[in-house]
Amino acid sequence: MSKTIAILTGGGDCPGLNAVIRGVVRSAILKRGWKVLGIEDGFDGLVGQPRFRTLDLASVRGILPRGGTILGTSNRGNPFQYPREIDGKETLVDVSDEVVQNFRAIGADALIAVGGDGTLKIARALNERGIPVVGVPKTIDNDLRGTDVTFGYNTAVGIVTEALDRLHTTAESHQRVMVVEVMGRDAGWIALESGLAGSADVILIPEIPFDLGKVCQAIRQRSAAGSRFSIVVVAEGAFPAGGDKVTQLSAEQNLGVERLGGIGQFVSHHIRQCLDMEVRTVVLGHLQRGGTPSSFDRILSSRFGVKAVELVEQGSFGNMVALRGREVVAVEIEKAVGALNLVDPEGDLVKAAEDLGVMMGR
Ligand code: F6P
């Protein structure tokens with residue numbers, strides 16, 4: 001039976017979003033002859049006058065290698081806490097009824113929601129409100145449960161690794177300590193894996209509160225042994241033992257999501273105090289999620305898109321697609337959201353880093 005399916009991308013942009021959209025459109029049209037509607041700017045596109053367009057084969061031509069999302073996205077459009085101006089004041093209101101009505105009005109049978117923890121929580125709640133939803137897990141942070149890996153993560157690790165290779169040049173030539181702040185929110189995956197790939201000397205992650213005295217000691221020992229430079233990778237969510245994360249905006253100031261940033265400067269400042277070395281800070285920021293996806297992410301995103309359509313066909317709603325081992329499977333969205341997938345401080349990856357001589361802040 002012919003179907004009309006809608007797709008939206010929510011939360012921060014991420015390499016591979018376009019590959020998912022392409023995978024959905026091509027498998028829905030080529031294999032099933034269905035119609036696909038692209039909702040613009042995440043759930044925002046279903047608030048007020050619906051904003052959407054038909055996605056045909058031509059509209060997804062050439063987008064596989066493109067970063068970002070052709071549909072646009074928003075991480076400010078939670079329909080259950082939607083910012084509206086009431087009496088001149090920004091107030092958060094529940095507009096989910098409007099979203100459900102708009103979804104019905106555009107004539108879609110199912111919704112594929114591509115996003116991270118926030119988007120998938122909204123998707124699960126809308127599924128309970130009657131919108132048949134299939135989720136696709138996205139985030140460079142790799143902090144979602146239920147899947148071995150999210151798409152976008154592999155690309156981000158590649159970008160940071162390349163940056164570390166480049167920063168080695170300056171660090172070595174000028175005998176500097178380079179402190180590199182990377183993204184990841186409360187998960188240390190990007191810092192740990194790119195730090196390993198880029199041969200960082202110190203890696204600081206949120207899962208292991210760090211001791212600055214020990215960090216300085218490790219850098220001093222390296223200098224004494226003849227390596228007069230060091231590369232320190234610090235995850236944006238890392239914090240000193242007994243201290244706090246460094247934020248630019250609190251959750252209250254930023255519609256429920258705290259904006260991290262600044263820990264790189266904090267660590268640099270303290271290393272400068274304890275060592276007589278030139279210390280520089282590099283914040284990689286949004287470079288980590290911009291540009292073309294890696295081959296791994298292009299393939300994973302395409303497979304996720306294809307599987308999401310298959311789940312719609314099977315009526316397998318309230319689920320998201322996930323990579324388990326080498327297979328793309330369905331798991332309940334419920335199992336993926338809420339608690340985060342964090343680095344195990346006693347796990348094999350951290351152990352490998354420490355056995356390789358990387359200082360993990362403890
Ligand atoms: O979740 C992806 C991510 O890039 C995080 O690593 C980072 O903390 C956050 O989004 C930044 O979000 P924004 O672009 O809204 O500042």
# chains A, B, ... in the order shown; residues from 1 in each chain; ligands from 1
call {"tool": "residues_around", "arguments": {"residues": "region 85-93 of chain A", "least_positions_apart": "6", "cutoff": "10 Å", "atoms": "only C-alpha atoms", "output": "compact mmCIF listing (two decimals) with N, CA, C and O atoms, in the first residue's frame"}}
result
# COMPACT_ATOMS: atom_id res chain seq x y z
N ASN A 78 11.63 22.50 21.03
CA ASN A 78 10.95 21.41 21.74
C ASN A 78 9.46 21.76 21.86
O ASN A 78 9.11 22.68 22.59
N PRO A 79 8.57 21.01 21.18
CA PRO A 79 7.15 21.37 21.22
C PRO A 79 6.53 21.28 22.61
O PRO A 79 5.48 21.87 22.85
N LEU A 255 17.43 27.79 27.13
CA LEU A 255 16.28 26.92 26.83
C LEU A 255 16.49 25.47 27.23
O LEU A 255 16.25 24.55 26.45
call {"tool": "residues_near_ligand", "arguments": {"ligand": "ligand 1", "cutoff": "6 Å", "atoms": "only C-alpha atoms and all ligand atoms", "output": "list in words"}}
result
Gly12, Thr139, Ile140, Asp141, Met183, Gly184, Arg185 and Leu260 of chain A
call {"tool": "write_last_selection", "arguments": {"atoms": "C-alpha atoms", "output": "PDB file, in the first residue's frame"}}
result
ATOM      1  CA  GLY A  12      22.682  20.292  16.192  1.00  0.00           C
ATOM      2  CA  THR A 139      25.283  12.951  17.362  1.00  0.00           C
ATOM      3  CA  ILE A 140      28.977  13.608  17.070  1.00  0.00           C
ATOM      4  CA  ASP A 141      29.127  13.065  20.865  1.00  0.00           C
ATOM      5  CA  MET A 183      33.230  18.825  22.003  1.00  0.00           C
ATOM      6  CA  GLY A 184      31.267  15.899  23.391  1.00  0.00           C
ATOM      7  CA  ARG A 185      29.099  17.426  26.127  1.00  0.00           C
ATOM      8  CA  LEU A 260      29.725  24.195  27.693  1.00  0.00           C
TER       9      LEU A 260
END
call {"tool": "closest_residue", "arguments": {"among": "A:Gln81, A:Ser230, A:Asn102, A:Thr292", "to": "Ala171 (chain A)", "atoms": "only C-alpha atoms"}}
result
A:Ser230
call {"tool": "residues_around", "arguments": {"residues": "region 107-112 of chain A", "least_positions_apart": "6", "cutoff": "8 Å", "atoms": "only C-alpha atoms", "output": "list in words"}}
result
Lys3, Thr4, Ile5, Ala6, Ile7, Leu8, Leu37, Ile131, Pro132, Val133, Val134, Gly135, Val136, Ala308 and Val312 of chain A
call {"tool": "residues_around", "arguments": {"residues": "Gly285 (chain A)", "least_positions_apart": "2", "cutoff": "8 Å", "atoms": "only C-alpha atoms", "output": "list in words"}}
result
Glu181, Val182, Met183, Val283, Leu287 and Gln288 of chain A
call {"tool": "closest_residue", "arguments": {"among": "A:Val282, A:Ala105, A:Ile63, A:Leu144", "to": "Leu167 (chain A)", "atoms": "only C-alpha atoms"}}
result
A:Val282
call {"tool": "closest_residue", "arguments": {"among": "A:Val257, A:Ile299, A:Leu323, A:Leu196", "to": "Gly118 (chain A)", "atoms": "only C-alpha atoms"}}
result
A:Val257
call {"tool": "select_by_dssp", "arguments": {"residues": "region 109-311 of chain A", "states": "alpha helix (DSSP H)", "output": "ChimeraX atom specification"}}
result
/A:117-128,153-174,189-197,212-224,263-274,295-311
call {"tool": "select_by_dssp", "arguments": {"residues": "region 11-242 of chain A", "states": "strand (DSSP E)", "output": "PyMOL selection string"}}
result
chain A and resi 35-39+52-54+82-86+89-93+110-115+133-137+176-182+202-204+230-235
call {"tool": "write_last_selection", "arguments": {"atoms": "N, CA and C atoms", "output": "short mmCIF file (atom, residue, chain, number, x, y, z; two decimals), in the first residue's frame"}}
result
data_model
loop_
_atom_site.label_atom_id
_atom_site.label_comp_id
_atom_site.auth_asym_id
_atom_site.auth_seq_id
_atom_site.Cartn_x
_atom_site.Cartn_y
_atom_site.Cartn_z
N LYS A 35 5.70 8.33 -1.10
CA LYS A 35 5.96 9.77 -1.19
C LYS A 35 6.68 10.21 0.09
N VAL A 36 7.67 11.11 -0.03
CA VAL A 36 8.39 11.57 1.16
C VAL A 36 8.26 13.09 1.30
N LEU A 37 7.92 13.52 2.52
CA LEU A 37 7.83 14.96 2.81
C LEU A 37 8.97 15.33 3.76
N GLY A 38 9.66 16.39 3.46
CA GLY A 38 10.73 16.86 4.35
C GLY A 38 10.22 18.02 5.18
N ILE A 39 10.21 17.85 6.50
CA ILE A 39 9.77 18.92 7.41
C ILE A 39 10.97 19.83 7.65
N PHE A 52 7.07 22.46 5.02
CA PHE A 52 7.55 21.17 4.53
C PHE A 52 7.58 21.21 3.01
N ARG A 53 8.30 20.25 2.43
CA ARG A 53 8.31 20.15 0.97
C ARG A 53 8.42 18.69 0.57
N THR A 54 7.97 18.39 -0.64
CA THR A 54 8.09 17.02 -1.13
C THR A 54 9.55 16.77 -1.50
N TYR A 82 7.94 25.05 24.31
CA TYR A 82 8.20 25.89 23.15
C TYR A 82 8.21 27.37 23.55
N PRO A 83 9.26 28.11 23.15
CA PRO A 83 9.31 29.52 23.57
C PRO A 83 8.28 30.38 22.83
N ARG A 84 7.40 31.01 23.57
CA ARG A 84 6.41 31.94 22.99
C ARG A 84 6.46 33.23 23.80
N GLU A 85 6.23 34.34 23.10
CA GLU A 85 6.22 35.60 23.83
C GLU A 85 4.83 35.84 24.40
N ILE A 86 4.73 35.86 25.71
CA ILE A 86 3.44 36.11 26.36
C ILE A 86 3.61 37.32 27.28
N LYS A 89 7.02 38.65 27.54
CA LYS A 89 8.03 37.81 28.20
C LYS A 89 8.13 36.47 27.50
N GLU A 90 9.36 35.98 27.29
CA GLU A 90 9.51 34.66 26.68
C GLU A 90 9.11 33.58 27.70
N THR A 91 8.08 32.80 27.32
CA THR A 91 7.57 31.77 28.23
C THR A 91 7.57 30.44 27.50
N LEU A 92 7.85 29.33 28.22
CA LEU A 92 7.86 28.01 27.57
C LEU A 92 6.48 27.39 27.69
N VAL A 93 5.88 27.06 26.55
CA VAL A 93 4.52 26.49 26.56
C VAL A 93 4.50 25.16 25.81
N ALA A 110 3.57 8.47 8.70
CA ALA A 110 4.60 8.17 9.71
C ALA A 110 5.66 9.26 9.67
N LEU A 111 6.41 9.35 10.78
CA LEU A 111 7.47 10.36 10.87
C LEU A 111 8.80 9.70 11.20
N ILE A 112 9.81 10.03 10.43
CA ILE A 112 11.17 9.58 10.76
C ILE A 112 11.89 10.79 11.38
N ALA A 113 12.26 10.66 12.65
CA ALA A 113 12.91 11.77 13.36
C ALA A 113 14.38 11.44 13.55
N VAL A 114 15.22 12.29 12.98
CA VAL A 114 16.67 12.05 13.04
C VAL A 114 17.27 13.02 14.05
N GLY A 115 17.85 12.49 15.13
CA GLY A 115 18.40 13.42 16.12
C GLY A 115 19.05 12.71 17.28
N VAL A 133 6.14 7.08 14.99
CA VAL A 133 7.50 7.61 14.83
C VAL A 133 8.55 6.49 14.77
N VAL A 134 9.53 6.69 13.89
CA VAL A 134 10.76 5.87 13.91
C VAL A 134 11.92 6.85 14.11
N GLY A 135 12.86 6.52 15.01
CA GLY A 135 13.98 7.41 15.28
C GLY A 135 15.26 6.96 14.57
N VAL A 136 16.14 7.93 14.34
CA VAL A 136 17.48 7.62 13.80
C VAL A 136 18.49 8.36 14.69
N PRO A 137 19.41 7.63 15.33
CA PRO A 137 20.31 8.26 16.32
C PRO A 137 21.48 9.01 15.69
N ARG A 176 56.03 23.98 22.84
CA ARG A 176 54.87 24.51 23.56
C ARG A 176 54.00 23.38 24.09
N VAL A 177 53.19 23.75 25.06
CA VAL A 177 52.10 22.86 25.46
C VAL A 177 50.86 23.36 24.71
N MET A 178 50.25 22.49 23.93
CA MET A 178 49.03 22.87 23.23
C MET A 178 47.86 22.20 23.93
N VAL A 179 46.95 23.00 24.43
CA VAL A 179 45.75 22.46 25.09
C VAL A 179 44.60 22.57 24.08
N VAL A 180 44.02 21.43 23.73
CA VAL A 180 43.00 21.41 22.68
C VAL A 180 41.66 21.02 23.28
N GLU A 181 40.72 21.96 23.26
CA GLU A 181 39.38 21.69 23.81
C GLU A 181 38.49 21.14 22.70
N VAL A 182 37.87 20.01 22.99
CA VAL A 182 37.00 19.37 21.98
C VAL A 182 35.58 19.21 22.52
N VAL A 202 48.21 13.94 27.15
CA VAL A 202 47.26 14.00 28.27
C VAL A 202 45.86 14.06 27.67
N ILE A 203 44.93 13.27 28.21
CA ILE A 203 43.54 13.32 27.75
C ILE A 203 42.65 13.46 28.99
N LEU A 204 41.85 14.53 29.00
CA LEU A 204 40.99 14.77 30.16
C LEU A 204 39.53 14.64 29.73
N SER A 230 54.05 19.19 24.69
CA SER A 230 53.00 18.23 25.05
C SER A 230 51.69 18.64 24.41
N ILE A 231 50.90 17.63 24.09
CA ILE A 231 49.56 17.88 23.57
C ILE A 231 48.56 17.40 24.62
N VAL A 232 47.72 18.33 25.05
CA VAL A 232 46.69 18.00 26.05
C VAL A 232 45.33 18.12 25.36
N VAL A 233 44.57 17.02 25.34
CA VAL A 233 43.21 17.10 24.79
C VAL A 233 42.24 17.13 25.96
N VAL A 234 41.39 18.13 25.98
CA VAL A 234 40.42 18.22 27.08
C VAL A 234 39.00 18.29 26.51
N ALA A 235 38.17 17.38 27.01
CA ALA A 235 36.76 17.38 26.58
C ALA A 235 36.06 18.58 27.21
#
call {"tool": "closest_residue", "arguments": {"among": "A:Cys14, A:Leu340, A:Leu275, A:Ile333", "to": "Ser223 (chain A)", "atoms": "only C-alpha atoms"}}
result
A:Leu275
